[in-house]
>>> print(open('run_3.cif').read())   # mmCIF, C-alpha atoms and all ligand atoms
data_upload
loop_
_atom_site.label_atom_id
_atom_site.label_comp_id
_atom_site.auth_asym_id
_atom_site.auth_seq_id
_atom_site.Cartn_x
_atom_site.Cartn_y
_atom_site.Cartn_z
CA MET X 1 -20.26 20.36 -2.56
CA GLU X 2 -18.20 23.09 -4.05
CA GLU X 3 -16.08 24.11 -1.08
CA PHE X 4 -13.28 22.03 0.40
CA SER X 5 -14.14 23.05 3.97
CA LEU X 6 -17.42 21.12 3.64
CA TYR X 7 -15.47 17.96 2.84
CA VAL X 8 -13.31 18.60 5.90
CA LEU X 9 -16.41 18.91 8.09
CA ASP X 10 -17.95 15.77 6.58
CA ILE X 11 -14.83 13.62 7.03
CA VAL X 12 -14.04 14.84 10.54
CA MET X 13 -17.65 14.09 11.55
CA ASN X 14 -16.96 10.44 10.69
CA SER X 15 -14.35 10.46 13.46
CA VAL X 16 -16.75 12.16 15.86
CA ARG X 17 -19.43 9.58 15.08
CA ALA X 18 -16.86 6.83 15.65
CA GLY X 19 -16.72 7.99 19.27
CA ALA X 20 -13.21 9.40 19.09
CA GLU X 21 -11.90 11.32 22.09
CA ASN X 22 -8.88 12.67 20.24
CA ILE X 23 -8.97 13.85 16.65
CA ASP X 24 -6.00 15.39 14.88
CA VAL X 25 -6.78 17.31 11.72
CA SER X 26 -4.03 18.62 9.52
CA LEU X 27 -4.02 20.51 6.25
CA ASP X 28 -0.63 20.86 4.64
CA ASP X 29 -1.11 23.15 1.66
CA ARG X 30 2.31 24.07 0.36
CA GLY X 31 3.79 24.26 -3.10
CA GLY X 32 0.55 23.30 -4.83
CA LEU X 33 0.19 20.01 -3.00
CA LEU X 34 -2.54 19.74 -0.38
CA THR X 35 -2.46 16.90 2.12
CA PHE X 36 -5.51 16.52 4.35
CA LYS X 37 -4.98 14.11 7.22
CA VAL X 38 -7.36 13.03 9.98
CA THR X 39 -6.27 10.69 12.77
CA ASP X 40 -8.74 9.50 15.40
CA ASP X 41 -8.94 7.06 18.29
CA GLY X 42 -12.53 6.07 17.54
CA CYS X 43 -14.02 2.60 17.08
CA GLY X 44 -12.11 1.96 13.88
CA MET X 45 -13.16 -0.39 11.10
CA THR X 46 -12.67 -4.06 10.38
CA GLU X 47 -10.94 -5.02 7.16
CA GLU X 48 -14.30 -5.83 5.64
CA GLN X 49 -15.74 -2.42 6.56
CA LEU X 50 -12.62 -0.75 5.25
CA GLU X 51 -13.01 -2.46 1.89
CA ARG X 52 -16.56 -1.22 1.57
CA LEU X 53 -15.55 2.36 2.28
CA SER X 54 -15.13 3.17 -1.41
CA ASP X 55 -18.70 2.04 -2.05
CA PRO X 56 -20.94 5.14 -2.05
CA PHE X 57 -23.90 3.09 -0.79
CA PHE X 58 -22.12 1.75 2.28
CA THR X 59 -23.00 3.44 5.54
CA THR X 60 -23.55 2.40 9.15
CA ARG X 61 -25.63 5.50 9.65
CA LYS X 62 -29.37 5.35 10.08
CA THR X 63 -29.99 8.75 8.56
CA ARG X 64 -28.47 10.34 5.47
CA GLY X 65 -26.97 13.74 6.18
CA VAL X 66 -25.88 16.33 3.67
CA GLY X 67 -22.40 14.85 3.54
CA LEU X 68 -21.40 12.64 0.65
CA GLY X 69 -18.80 10.61 2.45
CA VAL X 70 -15.44 9.15 1.62
CA PRO X 71 -16.25 8.08 -1.99
CA PHE X 72 -16.84 11.70 -2.99
CA LEU X 73 -13.68 12.88 -1.27
CA LYS X 74 -11.89 10.20 -3.25
CA MET X 75 -13.46 11.37 -6.47
CA LEU X 76 -12.35 14.95 -5.85
CA ALA X 77 -8.83 13.81 -4.96
CA GLU X 78 -8.48 11.61 -8.04
CA GLN X 79 -9.90 14.37 -10.23
CA THR X 80 -6.91 16.51 -9.28
CA GLY X 81 -4.33 13.73 -9.61
CA GLY X 82 -4.28 12.83 -5.91
CA ASP X 83 -5.71 9.98 -3.87
CA VAL X 84 -7.22 8.90 -0.55
CA LYS X 85 -5.78 6.26 1.75
CA VAL X 86 -7.47 4.99 4.88
CA SER X 87 -5.99 2.70 7.48
CA SER X 88 -7.85 1.52 10.54
CA VAL X 89 -7.71 -0.73 13.58
CA ALA X 90 -11.09 -1.91 14.89
CA ALA X 91 -11.85 -1.72 18.60
CA SER X 92 -13.48 -5.15 18.33
CA GLU X 93 -10.10 -6.57 17.36
CA SER X 94 -7.81 -4.36 19.40
CA PRO X 95 -9.61 -2.98 22.48
CA GLU X 96 -6.45 -1.29 23.80
CA SER X 97 -5.45 0.72 20.77
CA HIS X 98 -7.78 1.46 17.88
CA GLY X 99 -8.71 4.19 15.46
CA THR X 100 -8.53 5.44 11.93
CA THR X 101 -6.20 7.51 9.83
CA LEU X 102 -7.31 9.05 6.55
CA VAL X 103 -4.84 10.78 4.26
CA ALA X 104 -6.10 12.58 1.16
CA THR X 105 -3.92 14.39 -1.34
CA PHE X 106 -4.88 16.97 -3.94
CA HIS X 107 -3.09 19.12 -6.46
CA SER X 108 -4.53 22.37 -5.25
CA ASN X 109 -3.58 24.29 -8.40
CA HIS X 110 -5.39 21.77 -10.58
CA ILE X 111 -8.27 23.19 -12.62
CA ASP X 112 -10.66 20.68 -11.05
CA PHE X 113 -9.83 21.64 -7.48
CA ILE X 114 -12.42 23.71 -5.63
CA PRO X 115 -12.24 26.79 -3.39
CA MET X 116 -11.03 26.12 0.16
CA GLY X 117 -14.10 27.74 1.74
CA ASP X 118 -14.25 28.74 5.39
CA ILE X 119 -11.68 26.49 7.07
CA LYS X 120 -11.50 28.44 10.32
CA GLY X 121 -15.30 28.55 10.57
CA THR X 122 -15.27 24.78 10.13
CA PHE X 123 -12.84 24.35 13.03
CA VAL X 124 -15.07 26.53 15.22
CA THR X 125 -18.18 24.59 14.19
CA LEU X 126 -16.51 21.30 15.09
CA ILE X 127 -15.45 22.55 18.52
CA GLN X 128 -18.83 24.14 19.20
CA GLY X 129 -20.72 20.96 18.33
CA ASN X 130 -18.29 18.60 20.06
CA PRO X 131 -16.74 20.44 23.02
CA ASP X 132 -15.63 17.22 24.74
CA VAL X 133 -13.49 16.04 21.83
CA ASN X 134 -9.82 16.97 21.98
CA PHE X 135 -9.19 18.31 18.50
CA THR X 136 -5.88 19.52 17.26
CA PHE X 137 -5.96 21.58 14.10
CA VAL X 138 -2.86 22.37 12.07
CA HIS X 139 -3.03 24.30 8.82
CA GLU X 140 0.27 24.83 7.02
CA THR X 141 0.45 27.15 4.05
CA ASP X 142 3.24 28.78 2.06
CA GLY X 143 2.75 31.83 4.30
CA GLY X 144 3.11 30.02 7.62
CA GLU X 145 1.02 27.87 9.90
CA VAL X 146 -2.01 28.03 12.16
CA ARG X 147 -2.32 25.69 15.15
CA LEU X 148 -4.99 25.07 17.75
CA SER X 149 -5.08 22.43 20.48
CA CYS X 150 -8.30 21.90 22.41
CA ALA X 151 -6.49 19.91 25.11
CA GLU X 152 -4.16 22.87 25.70
CA LEU X 153 -7.11 25.25 25.82
CA LYS X 154 -8.86 23.02 28.35
CA SER X 155 -5.83 22.85 30.58
CA VAL X 156 -5.62 26.65 30.60
CA LEU X 157 -9.36 27.10 31.21
CA GLY X 158 -9.71 24.43 33.89
CA ASP X 159 -12.55 21.93 34.24
CA GLY X 160 -15.55 24.19 34.81
CA ILE X 161 -15.61 25.98 31.46
CA PRO X 162 -16.67 24.06 28.35
CA LEU X 163 -15.12 25.01 25.01
CA SER X 164 -18.66 25.53 23.72
CA SER X 165 -19.31 28.47 26.05
CA PRO X 166 -19.89 31.69 24.10
CA GLU X 167 -16.89 33.49 25.63
CA VAL X 168 -14.50 30.67 24.77
CA LEU X 169 -15.86 30.33 21.24
CA ALA X 170 -15.48 34.08 20.74
CA TRP X 171 -11.89 33.84 21.92
CA ILE X 172 -11.22 30.92 19.54
CA ARG X 173 -12.76 32.83 16.62
CA GLY X 174 -10.59 35.85 17.40
CA TYR X 175 -7.47 33.74 17.80
CA LEU X 176 -8.02 32.00 14.46
CA ALA X 177 -8.89 35.24 12.65
CA GLU X 178 -5.63 36.77 13.87
CA ALA X 179 -3.57 33.68 13.11
CA TYR X 180 -4.95 33.45 9.56
CA GLU X 181 -4.42 37.16 9.05
CA GLU X 182 -0.73 36.66 9.85
CA ILE X 183 -0.18 33.96 7.21
CA LYS X 184 -2.20 35.63 4.48
N1 LIG L 201 -13.13 7.56 11.08
C1 LIG L 201 -13.96 6.51 11.03
N2 LIG L 201 -14.01 5.63 12.06
C2 LIG L 201 -14.85 4.57 12.03
N3 LIG L 201 -15.68 4.28 11.00
C3 LIG L 201 -15.68 5.11 9.95
C4 LIG L 201 -14.82 6.27 9.89
N4 LIG L 201 -15.03 6.89 8.71
C5 LIG L 201 -15.96 6.18 8.07
N5 LIG L 201 -16.38 5.11 8.79
C6 LIG L 201 -17.39 4.08 8.43
O1 LIG L 201 -17.57 4.12 7.04
C7 LIG L 201 -18.94 4.40 6.73
C8 LIG L 201 -19.01 5.26 5.47
O2 LIG L 201 -18.48 6.55 5.71
P1 LIG L 201 -18.83 7.72 4.72
O3 LIG L 201 -18.40 7.36 3.36
O4 LIG L 201 -18.30 9.00 5.27
O5 LIG L 201 -20.43 7.76 4.69
P2 LIG L 201 -21.42 8.08 5.94
O6 LIG L 201 -20.65 8.86 6.95
O7 LIG L 201 -22.51 8.89 5.31
O8 LIG L 201 -21.88 6.75 6.44
C9 LIG L 201 -19.49 5.09 7.97
O9 LIG L 201 -20.90 4.91 8.08
C10 LIG L 201 -18.73 4.35 9.07
O10 LIG L 201 -19.32 3.11 9.33
MG MG L 202 -19.34 10.39 6.46
#
>>> encode(input="run_3.cif", output="structure tokens", more="lines below")
Ligand SMILES: Nc1ncnc2c1ncn2[C@@H]1O[C@H](COP(=O)(O)OP(=O)(O)O)[C@@H](O)[C@H]1O
Ligand SMILES: [Mg+2]
Amino acid sequence: MEEFSLYVLDIVMNSVRAGAENIDVSLDDRGGLLTFKVTDDGCGMTEEQLERLSDPFFTTRKTRGVGLGVPFLKMLAEQTGGDVKVSSVAASESPESHGTTLVATFHSNHIDFIPMGDIKGTFVTLIQGNPDVNFTFVHETDGGEVRLSCAELKSVLGDGIPLSSPEVLAWIRGYLAEAYEEIK
């Protein structure tokens, strides 16, 4: 995968597949250091599962998608002098409060880093495919920041209108296009 946005999609889909209701995605890309953080309240992982996460052949999925998973994110991070850390609390061990946090760092000026790709399109794709998930997206750059909260959008729209409806998606696309234009 030669665009970072594809890694973002792949990693956030892990949280979706874990049954998370709330997923916070942040990209802090300032001063040549990029921190990509995903926090979810999904099913989490046991310590044993967590240990196997750096094994490229470990999956609980039944079908292989196009994504390459956490090991490849780790490889990209380490290639640029960064790293990936994952912490998790399994629902089987803590039914009240569980979930996963992944933090990946990259030196975004490093020769081995890759183009960012279409980050805003990735946010839209995630919302469109998973309208019931409450995503928050924060993208901080040297030029300013872009923020989007699905929970806030839902409270403005009311219950009847899903975020996946064409009008809402068009509004989100426009909002993000404008917000990114401002920090360019
Ligand atoms: N956020 C998460 N919450 C719960 N389990 C996760 C999460 N991320 C990864 N996992 C577990 O780790 C496994 C490996 O993830 P990954 O490396 O992305 O490969 P894949 O998604 O193709 O299985 C997943 O199948 C899943 O069991
Ligand atoms: Mg995956």
>>> residues_near_ligand(input="run_3.cif", ligand="ligand LIG 201 (chain L)", cutoff="7 Å", atoms="all atoms listed in the file", output="mmCIF file with C-alpha atoms, in the frame of the given file")
data_model
loop_
_atom_site.group_PDB
_atom_site.id
_atom_site.type_symbol
_atom_site.label_atom_id
_atom_site.label_comp_id
_atom_site.auth_asym_id
_atom_site.auth_seq_id
_atom_site.Cartn_x
_atom_site.Cartn_y
_atom_site.Cartn_z
ATOM 1 C CA ASP X 10 -17.950 15.770 6.580
ATOM 2 C CA ILE X 11 -14.830 13.620 7.030
ATOM 3 C CA ASN X 14 -16.960 10.440 10.690
ATOM 4 C CA SER X 15 -14.350 10.460 13.460
ATOM 5 C CA ALA X 18 -16.860 6.830 15.650
ATOM 6 C CA ASP X 40 -8.740 9.500 15.400
ATOM 7 C CA GLY X 42 -12.530 6.070 17.540
ATOM 8 C CA CYS X 43 -14.020 2.600 17.080
ATOM 9 C CA GLY X 44 -12.110 1.960 13.880
ATOM 10 C CA MET X 45 -13.160 -0.390 11.100
ATOM 11 C CA GLN X 49 -15.740 -2.420 6.560
ATOM 12 C CA LEU X 53 -15.550 2.360 2.280
ATOM 13 C CA PRO X 56 -20.940 5.140 -2.050
ATOM 14 C CA PHE X 58 -22.120 1.750 2.280
ATOM 15 C CA THR X 59 -23.000 3.440 5.540
ATOM 16 C CA THR X 60 -23.550 2.400 9.150
ATOM 17 C CA ARG X 61 -25.630 5.500 9.650
ATOM 18 C CA ARG X 64 -28.470 10.340 5.470
ATOM 19 C CA GLY X 65 -26.970 13.740 6.180
ATOM 20 C CA GLY X 67 -22.400 14.850 3.540
ATOM 21 C CA LEU X 68 -21.400 12.640 0.650
ATOM 22 C CA GLY X 69 -18.800 10.610 2.450
ATOM 23 C CA VAL X 70 -15.440 9.150 1.620
ATOM 24 C CA PRO X 71 -16.250 8.080 -1.990
ATOM 25 C CA GLY X 99 -8.710 4.190 15.460
ATOM 26 C CA THR X 100 -8.530 5.440 11.930
#
>>> residues_around(input="run_3.cif", residues="Ile127 of chain X", least_positions_apart="6", cutoff="9 Å", atoms="only C-alpha atoms", output="list in words")
Val133, Asn134, Phe135, Cys150, Leu163, Ser164 and Leu169 of chain X
>>> closest_residue(input="run_3.cif", among="X:Ser54, X:Gln128, X:Thr39, X:Thr136", to="ligand MG 202 (chain L)", atoms="only C-alpha atoms and all ligand atoms")
X:Ser54
>>> closest_residue(input="run_3.cif", among="X:Asp24, X:Thr46, X:Gly31, X:Phe57", to="ligand MG 202 (chain L)", atoms="all atoms listed in the file")
X:Phe57
>>> closest_residue(input="run_3.cif", among="X:Tyr180, X:Tyr175, X:Phe137, X:Tyr7", to="ligand MG 202 (chain L)", atoms="all atoms listed in the file")
X:Tyr7
>>> closest_residue(input="run_3.cif", among="X:Thr80, X:Ser5, X:Thr141, X:Ser26", to="Met116 of chain X", atoms="all atoms listed in the file")
X:Ser5
>>> residues_around(input="run_3.cif", residues="Arg173 of chain X", least_positions_apart="2", cutoff="12 Å", atoms="all atoms listed in the file", output="PDB file with C-alpha atoms, in the frame of the given file")
ATOM      1  CA  ILE X 119     -11.680  26.490   7.070  1.00  0.00           C
ATOM      2  CA  LYS X 120     -11.500  28.440  10.320  1.00  0.00           C
ATOM      3  CA  GLY X 121     -15.300  28.550  10.570  1.00  0.00           C
ATOM      4  CA  THR X 122     -15.270  24.780  10.130  1.00  0.00           C
ATOM      5  CA  PHE X 123     -12.840  24.350  13.030  1.00  0.00           C
ATOM      6  CA  VAL X 124     -15.070  26.530  15.220  1.00  0.00           C
ATOM      7  CA  THR X 125     -18.180  24.590  14.190  1.00  0.00           C
ATOM      8  CA  ILE X 127     -15.450  22.550  18.520  1.00  0.00           C
ATOM      9  CA  GLN X 128     -18.830  24.140  19.200  1.00  0.00           C
ATOM     10  CA  LEU X 148      -4.990  25.070  17.750  1.00  0.00           C
ATOM     11  CA  LEU X 163     -15.120  25.010  25.010  1.00  0.00           C
ATOM     12  CA  SER X 164     -18.660  25.530  23.720  1.00  0.00           C
ATOM     13  CA  PRO X 166     -19.890  31.690  24.100  1.00  0.00           C
ATOM     14  CA  GLU X 167     -16.890  33.490  25.630  1.00  0.00           C
ATOM     15  CA  VAL X 168     -14.500  30.670  24.770  1.00  0.00           C
ATOM     16  CA  LEU X 169     -15.860  30.330  21.240  1.00  0.00           C
ATOM     17  CA  ALA X 170     -15.480  34.080  20.740  1.00  0.00           C
ATOM     18  CA  TRP X 171     -11.890  33.840  21.920  1.00  0.00           C
ATOM     19  CA  TYR X 175      -7.470  33.740  17.800  1.00  0.00           C
ATOM     20  CA  LEU X 176      -8.020  32.000  14.460  1.00  0.00           C
ATOM     21  CA  ALA X 177      -8.890  35.240  12.650  1.00  0.00           C
ATOM     22  CA  GLU X 178      -5.630  36.770  13.870  1.00  0.00           C
ATOM     23  CA  ALA X 179      -3.570  33.680  13.110  1.00  0.00           C
ATOM     24  CA  TYR X 180      -4.950  33.450   9.560  1.00  0.00           C
TER      25      TYR X 180
END
>>> residues_around(input="run_3.cif", residues="Asp28 of chain X", least_positions_apart="5", cutoff="6 Å", atoms="only C-alpha atoms", output="PyMOL selection string")
chain X and resi 34-35+139-140
>>> atom_distance(input="run_3.cif", atom1="atom CA of Ala77 of chain X", atom2="atom CA of His107 of chain X")
8.0 Å
>>> axis_aligned_box(input="run_3.cif", around="segment 23-37 of chain X", padding_each_side="8 Å", output="JSON")
{"center_x": -2.6, "center_y": 19.1, "center_z": 5.9, "size_x": 28.8, "size_y": 26.4, "size_z": 37.5}
>>> atom_distance(input="run_3.cif", atom1="atom CA of Ile114 of chain X", atom2="atom CA of Leu76 of chain X")
8.8 Å
>>> atom_distance(input="run_3.cif", atom1="atom CA of Val84 of chain X", atom2="atom CA of Ala151 of chain X")
27.9 Å
>>> residues_near_point(input="run_3.cif", point="(-13.1, 13.2, 23.9)", cutoff="9 Å", atoms="all atoms listed in the file", output="PDB file with C-alpha atoms, in the frame of the given file")
ATOM      1  CA  VAL X  16     -16.750  12.160  15.860  1.00  0.00           C
ATOM      2  CA  GLY X  19     -16.720   7.990  19.270  1.00  0.00           C
ATOM      3  CA  ALA X  20     -13.210   9.400  19.090  1.00  0.00           C
ATOM      4  CA  GLU X  21     -11.900  11.320  22.090  1.00  0.00           C
ATOM      5  CA  ASN X  22      -8.880  12.670  20.240  1.00  0.00           C
ATOM      6  CA  ILE X  23      -8.970  13.850  16.650  1.00  0.00           C
ATOM      7  CA  ASN X 130     -18.290  18.600  20.060  1.00  0.00           C
ATOM      8  CA  PRO X 131     -16.740  20.440  23.020  1.00  0.00           C
ATOM      9  CA  ASP X 132     -15.630  17.220  24.740  1.00  0.00           C
ATOM     10  CA  VAL X 133     -13.490  16.040  21.830  1.00  0.00           C
ATOM     11  CA  ASN X 134      -9.820  16.970  21.980  1.00  0.00           C
ATOM     12  CA  PHE X 135      -9.190  18.310  18.500  1.00  0.00           C
TER      13      PHE X 135
END
>>> closest_residue(input="run_3.cif", among="X:Arg52, X:Val8, X:Glu181, X:Gly117", to="Leu102 of chain X", atoms="all atoms listed in the file")
X:Val8
>>> closest_residue(input="run_3.cif", among="X:Phe113, X:Phe36, X:Phe4, X:Phe72", to="ligand MG 202 (chain L)", atoms="all atoms listed in the file")
X:Phe72
